[in-house]
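With mmCIF, C-alpha atoms inside, this is protein06.cif:
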data_data
loop_
_atom_site.group_PDB
_atom_site.id
_atom_site.type_symbol
_atom_site.label_atom_id
_atom_site.label_comp_id
_atom_site.auth_asym_id
_atom_site.auth_seq_id
_atom_site.Cartn_x
_atom_site.Cartn_y
_atom_site.Cartn_z
ATOM 1 C CA MET A 1 -54.804 5.322 -23.038
ATOM 2 C CA ALA A 2 -52.713 6.602 -25.938
ATOM 3 C CA HIS A 3 -52.351 9.940 -24.152
ATOM 4 C CA LEU A 4 -51.162 8.191 -20.992
ATOM 5 C CA GLY A 5 -48.489 6.417 -22.995
ATOM 6 C CA TYR A 6 -47.357 9.742 -24.416
ATOM 7 C CA PHE A 7 -47.297 11.309 -20.939
ATOM 8 C CA GLN A 8 -45.229 8.421 -19.619
ATOM 9 C CA HIS A 9 -42.684 8.825 -22.421
ATOM 10 C CA GLU A 10 -42.541 12.626 -22.317
ATOM 11 C CA PHE A 11 -42.783 13.477 -18.615
ATOM 12 C CA VAL A 12 -41.224 10.377 -17.028
ATOM 13 C CA GLN A 13 -38.633 9.094 -19.471
ATOM 14 C CA ARG A 14 -37.592 12.260 -21.315
ATOM 15 C CA ARG A 15 -38.187 15.232 -19.015
ATOM 16 C CA ARG A 16 -38.013 13.235 -15.740
ATOM 17 C CA TRP A 17 -40.609 15.430 -14.050
ATOM 18 C CA LEU A 18 -41.975 12.307 -12.334
ATOM 19 C CA THR A 19 -40.658 8.905 -11.397
ATOM 20 C CA GLU A 20 -42.292 5.726 -12.662
ATOM 21 C CA ALA A 21 -43.807 5.189 -9.204
ATOM 22 C CA GLN A 22 -45.247 8.712 -9.048
ATOM 23 C CA PHE A 23 -46.695 8.419 -12.537
ATOM 24 C CA ALA A 24 -48.222 5.053 -11.640
ATOM 25 C CA ASP A 25 -49.853 6.671 -8.583
ATOM 26 C CA LEU A 26 -51.384 9.402 -10.748
ATOM 27 C CA VAL A 27 -52.689 6.901 -13.293
ATOM 28 C CA ALA A 28 -54.152 4.698 -10.552
ATOM 29 C CA LEU A 29 -55.927 7.677 -8.997
ATOM 30 C CA ALA A 30 -57.267 8.800 -12.379
ATOM 31 C CA GLN A 31 -58.511 5.278 -13.146
ATOM 32 C CA PHE A 32 -60.367 5.240 -9.839
ATOM 33 C CA LEU A 33 -62.174 8.517 -10.536
ATOM 34 C CA PRO A 34 -65.005 8.861 -13.064
ATOM 35 C CA GLY A 35 -64.136 10.811 -16.177
ATOM 36 C CA PRO A 36 -61.324 10.865 -18.746
ATOM 37 C CA SER A 37 -58.128 9.556 -17.195
ATOM 38 C CA SER A 38 -55.820 11.341 -19.615
ATOM 39 C CA SER A 39 -57.299 14.751 -18.776
ATOM 40 C CA GLN A 40 -57.068 14.049 -15.052
ATOM 41 C CA VAL A 41 -53.426 12.965 -15.278
ATOM 42 C CA ASN A 42 -52.661 15.989 -17.443
ATOM 43 C CA LEU A 43 -54.230 18.359 -14.919
ATOM 44 C CA SER A 44 -52.410 16.627 -12.065
ATOM 45 C CA ILE A 45 -49.028 16.982 -13.734
ATOM 46 C CA GLY A 46 -49.691 20.663 -14.407
ATOM 47 C CA TYR A 47 -50.762 21.166 -10.796
ATOM 48 C CA LEU A 48 -47.686 19.423 -9.430
ATOM 49 C CA ARG A 49 -45.416 21.555 -11.588
ATOM 50 C CA ALA A 50 -46.984 24.996 -11.004
ATOM 51 C CA GLY A 51 -50.047 24.780 -8.746
ATOM 52 C CA LEU A 52 -53.457 25.966 -9.942
ATOM 53 C CA PRO A 53 -52.013 28.152 -12.745
ATOM 54 C CA GLY A 54 -50.128 25.101 -14.008
ATOM 55 C CA ALA A 55 -53.299 22.994 -13.947
ATOM 56 C CA LEU A 56 -55.186 25.705 -15.836
ATOM 57 C CA LEU A 57 -52.467 25.971 -18.475
ATOM 58 C CA ALA A 58 -52.318 22.182 -18.786
ATOM 59 C CA TRP A 59 -56.072 22.114 -19.367
ATOM 60 C CA ALA A 60 -55.887 24.963 -21.887
ATOM 61 C CA GLY A 61 -53.057 23.288 -23.790
ATOM 62 C CA PHE A 62 -54.377 19.727 -23.764
ATOM 63 C CA THR A 63 -58.148 19.550 -23.268
ATOM 64 C CA LEU A 64 -59.433 22.832 -24.700
ATOM 65 C CA PRO A 65 -58.042 22.337 -28.244
ATOM 66 C CA SER A 66 -59.653 18.905 -28.460
ATOM 67 C CA VAL A 67 -63.002 20.420 -27.459
ATOM 68 C CA PHE A 68 -62.878 22.853 -30.385
ATOM 69 C CA LEU A 69 -61.617 20.182 -32.793
ATOM 70 C CA LEU A 70 -64.345 17.704 -31.864
ATOM 71 C CA TRP A 71 -66.983 20.430 -31.978
ATOM 72 C CA GLY A 72 -65.914 21.449 -35.468
ATOM 73 C CA PHE A 73 -65.666 17.818 -36.582
ATOM 74 C CA ALA A 74 -69.180 17.103 -35.296
ATOM 75 C CA LEU A 75 -70.579 20.115 -37.168
ATOM 76 C CA TRP A 76 -68.847 18.957 -40.328
ATOM 77 C CA LEU A 77 -70.250 15.431 -40.048
ATOM 78 C CA TRP A 78 -73.700 16.813 -39.275
ATOM 79 C CA ALA A 79 -73.631 18.929 -42.438
ATOM 80 C CA TRP A 80 -72.077 16.226 -44.637
ATOM 81 C CA PRO A 81 -72.770 12.784 -43.136
ATOM 82 C CA GLN A 82 -70.035 10.360 -44.137
ATOM 83 C CA THR A 83 -70.295 7.727 -41.448
ATOM 84 C CA GLU A 84 -69.574 4.930 -43.942
ATOM 85 C CA SER A 85 -66.496 6.571 -45.427
ATOM 86 C CA GLY A 86 -63.400 4.444 -45.661
ATOM 87 C CA TRP A 87 -61.205 7.093 -44.086
ATOM 88 C CA LEU A 88 -63.222 6.852 -40.849
ATOM 89 C CA SER A 89 -62.487 3.125 -40.699
ATOM 90 C CA GLY A 90 -58.840 3.943 -41.316
ATOM 91 C CA LEU A 91 -58.840 6.366 -38.391
ATOM 92 C CA LYS A 92 -60.274 3.666 -36.148
ATOM 93 C CA VAL A 93 -57.530 1.228 -37.157
ATOM 94 C CA ALA A 94 -54.871 3.889 -36.568
ATOM 95 C CA ALA A 95 -56.347 4.643 -33.142
ATOM 96 C CA VAL A 96 -56.158 0.959 -32.207
ATOM 97 C CA ALA A 97 -52.485 0.874 -33.234
ATOM 98 C CA VAL A 98 -51.650 3.997 -31.199
ATOM 99 C CA VAL A 99 -53.427 2.648 -28.112
ATOM 100 C CA ALA A 100 -51.732 -0.760 -28.471
ATOM 101 C CA HIS A 101 -48.322 0.937 -28.645
ATOM 102 C CA ALA A 102 -49.104 2.977 -25.521
ATOM 103 C CA VAL A 103 -50.308 -0.089 -23.630
ATOM 104 C CA ALA A 104 -47.154 -1.996 -24.565
ATOM 105 C CA GLY A 105 -44.934 0.809 -23.284
ATOM 106 C CA MET A 106 -46.794 1.143 -19.992
ATOM 107 C CA TRP A 107 -46.913 -2.644 -19.589
ATOM 108 C CA ARG A 108 -43.118 -2.882 -19.641
ATOM 109 C CA SER A 109 -42.653 -0.229 -16.963
ATOM 110 C CA LEU A 110 -45.685 -0.683 -14.693
ATOM 111 C CA VAL A 111 -46.635 -4.388 -14.878
ATOM 112 C CA THR A 112 -43.574 -6.169 -13.563
ATOM 113 C CA THR A 113 -44.752 -9.255 -11.619
ATOM 114 C CA PRO A 114 -46.726 -12.358 -12.652
ATOM 115 C CA LEU A 115 -49.585 -11.401 -10.318
ATOM 116 C CA GLN A 116 -49.796 -7.918 -11.819
ATOM 117 C CA GLN A 117 -49.827 -9.438 -15.290
ATOM 118 C CA ALA A 118 -52.590 -11.839 -14.282
ATOM 119 C CA LEU A 119 -54.656 -8.995 -12.809
ATOM 120 C CA ALA A 120 -54.220 -6.842 -15.916
ATOM 121 C CA LEU A 121 -55.094 -9.595 -18.371
ATOM 122 C CA GLY A 122 -57.923 -10.906 -16.212
ATOM 123 C CA SER A 123 -59.424 -7.434 -15.841
ATOM 124 C CA ALA A 124 -59.259 -6.807 -19.583
ATOM 125 C CA ALA A 125 -60.842 -10.178 -20.375
ATOM 126 C CA THR A 126 -63.575 -9.721 -17.765
ATOM 127 C CA LEU A 127 -64.569 -6.261 -19.005
ATOM 128 C CA LEU A 128 -64.466 -7.424 -22.630
ATOM 129 C CA VAL A 129 -66.723 -10.419 -21.995
ATOM 130 C CA TRP A 130 -68.987 -8.378 -19.725
ATOM 131 C CA GLY A 131 -69.379 -5.777 -22.461
ATOM 132 C CA ILE A 132 -70.167 -8.399 -25.118
ATOM 133 C CA LEU A 133 -72.811 -9.906 -22.845
ATOM 134 C CA GLY A 134 -74.441 -6.544 -22.354
ATOM 135 C CA GLY A 135 -72.972 -5.842 -18.878
ATOM 136 C CA SER A 136 -73.510 -2.699 -16.851
ATOM 137 C CA PRO A 137 -71.460 0.224 -15.508
ATOM 138 C CA TRP A 138 -70.993 -1.768 -12.291
ATOM 139 C CA ALA A 139 -68.466 -3.980 -14.121
ATOM 140 C CA GLN A 140 -65.741 -1.361 -13.789
ATOM 141 C CA VAL A 141 -66.459 -0.864 -10.082
ATOM 142 C CA VAL A 142 -66.429 -4.598 -9.389
ATOM 143 C CA VAL A 143 -63.140 -5.114 -11.258
ATOM 144 C CA LEU A 144 -61.499 -2.155 -9.493
ATOM 145 C CA LEU A 145 -62.569 -3.391 -6.070
ATOM 146 C CA ALA A 146 -61.483 -6.976 -6.808
ATOM 147 C CA CYS A 147 -58.045 -5.886 -8.033
ATOM 148 C CA GLY A 148 -57.683 -3.558 -5.063
ATOM 149 C CA LEU A 149 -58.426 -6.368 -2.614
ATOM 150 C CA VAL A 150 -56.015 -8.756 -4.340
ATOM 151 C CA GLY A 151 -53.287 -6.127 -4.412
ATOM 152 C CA TRP A 152 -53.832 -5.209 -0.765
ATOM 153 C CA ARG A 153 -53.624 -8.840 0.278
ATOM 154 C CA TRP A 154 -50.909 -10.310 -1.948
ATOM 155 C CA LEU A 155 -48.871 -7.510 -3.538
ATOM 156 C CA ASP A 156 -45.964 -5.960 -1.674
ATOM 157 C CA ALA A 157 -45.695 -2.197 -1.606
ATOM 158 C CA PRO A 158 -42.970 -0.954 -3.979
ATOM 159 C CA PRO A 159 -39.811 0.391 -2.377
ATOM 160 C CA VAL A 160 -39.832 4.125 -1.789
ATOM 161 C CA THR A 161 -37.327 5.507 -4.284
ATOM 162 C CA ALA A 162 -38.580 9.077 -4.535
ATOM 163 C CA ALA A 163 -40.414 11.682 -2.536
ATOM 164 C CA PRO A 164 -44.207 11.386 -2.519
ATOM 165 C CA LEU A 165 -46.205 13.552 -4.862
ATOM 166 C CA GLY A 166 -47.007 16.143 -2.205
ATOM 167 C CA GLY A 167 -49.031 19.275 -2.839
ATOM 168 C CA GLY A 168 -52.787 19.227 -3.035
ATOM 169 C CA PRO A 169 -55.460 20.456 -0.628
ATOM 170 C CA SER A 170 -55.553 19.957 3.117
ATOM 171 C CA ARG A 171 -56.318 16.535 4.566
ATOM 172 C CA ARG A 172 -59.840 17.628 5.502
ATOM 173 C CA THR A 173 -60.596 18.995 2.042
ATOM 174 C CA GLY A 174 -59.068 15.939 0.434
ATOM 175 C CA THR A 175 -61.232 13.641 2.554
ATOM 176 C CA LEU A 176 -64.384 15.548 1.603
ATOM 177 C CA LEU A 177 -63.465 15.410 -2.072
ATOM 178 C CA LEU A 178 -62.729 11.685 -1.827
ATOM 179 C CA LEU A 179 -66.105 11.043 -0.211
ATOM 180 C CA LEU A 180 -67.793 13.089 -2.926
ATOM 181 C CA ALA A 181 -66.017 11.097 -5.637
ATOM 182 C CA ALA A 182 -66.953 7.805 -3.941
ATOM 183 C CA GLY A 183 -70.569 8.925 -3.718
ATOM 184 C CA LEU A 184 -70.659 9.756 -7.419
ATOM 185 C CA LEU A 185 -68.915 6.496 -8.249
ATOM 186 C CA LEU A 186 -71.633 4.532 -6.453
ATOM 187 C CA THR A 187 -74.718 6.554 -7.361
ATOM 188 C CA LEU A 188 -74.149 7.343 -11.051
ATOM 189 C CA PRO A 189 -74.496 3.678 -12.163
ATOM 190 C CA LEU A 190 -77.829 3.506 -10.324
ATOM 191 C CA LEU A 191 -79.035 6.708 -11.960
ATOM 192 C CA ALA A 192 -77.866 5.467 -15.358
ATOM 193 C CA GLY A 193 -79.771 2.208 -14.813
ATOM 194 C CA TRP A 194 -82.911 4.217 -14.104
ATOM 195 C CA GLY A 195 -82.365 6.363 -17.189
ATOM 196 C CA LEU A 196 -81.627 9.483 -15.138
ATOM 197 C CA ALA A 197 -77.911 9.936 -15.722
ATOM 198 C CA GLY A 198 -77.692 9.402 -19.459
ATOM 199 C CA SER A 199 -74.082 9.291 -20.501
ATOM 200 C CA CYS A 200 -72.718 10.945 -17.344
ATOM 201 C CA TRP A 201 -71.081 7.719 -16.246
ATOM 202 C CA THR A 202 -68.842 7.701 -19.314
#

Would it be possible to restate this file's structure as structure tokens?
Amino acid sequence: MAHLGYFQHEFVQRRRWLTEAQFADLVALAQFLPGPSSSQVNLSIGYLRAGLPGALLAWAGFTLPSVFLLWGFALWLWAWPQTESGWLSGLKVAAVAVVAHAVAGMWRSLVTTPLQQALALGSAATLLVWGILGGSPWAQVVVLLACGLVGWRWLDAPPVTAAPLGGGPSRRTGTLLLLLAAGLLLTLPLLAGWGLAGSCWT
């Protein structure tokens, strides 16, 4: 979420590579798909700017360094366990502050009606309570579907103020990929419940 807030500030407000509506479309698509939303939005922006080479460079500049950093950090903790160190708690507090700042910035630009605010707050509360009660991966799917139905029924489409995103594969390829993503979205929670998918869902 913190990365998305940075993307919104850098690529929408400062560089103006995307409009607010286009960025919101990318975030919504990334939230629908399994996997890290920030990486998916990053790849999408790179692809929209320079095709597959742009997506590859975006991945190399954003995702690949974090892989090496986390790998090295994990090796360091494995060699010198310090899970109770105060500085780790400090990092967690700092992360919460960064995420809260990002959420506040995106809230001002993307959540503009009372119904949208109610959906956002209700979704957050539902997932929080569901998690405390021991919930399941289906919680995210149920909340997404419920918000989608409410938006389809009661939210007006925003005015078209910019060209659509464009680019991407053919309609046939896109349909096949969408069906594949939907299949994974529905089957991975079942596999996780049976102990077959491990942490794939996350």

Tell me, as an NGL selection string, which residues lie within 12 Å of range 120-133 of chain A, counting all atoms listed in the file; anything in the same chain fewer than 3 positions away does not count.
:A and (103 or 106-107 or 110-117 or 136-148 or 150-151)

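Compared by their closest atoms to Tyr6 in chain A, and using only C-alpha atoms, the residues A:Leu29, A:Leu57, A:Leu191, A:Val41 rank with A:Val41 nearest.
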
Which is closest to Gly135 in chain A among A:Leu18, A:Phe73, A:Pro189, A:Trp87, if we use all atoms listed in the file?
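Distance minimum relative to Gly135 in chain A lands on A:Pro189.
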
State, in Å with one decimal place, the distance from CA of Gly54 in chain A to CA of Gln40 in chain A.
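CA of Gln40 in chain A lies 13.1 Å from CA of Gly54 in chain A.
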
The PyMOL selection byres ((chain A and resi 33-38) around 12) resolved against shown file, as a VMD selection string:
chain A and resid 1 to 8 23 26 to 32 39 to 45 58 to 59 62 to 63 137 140 to 141 144 177 to 189 199 to 202

So how far away is CA of Arg108 in chain A from CA of Trp152 in chain A, in Å?
21.8 Å
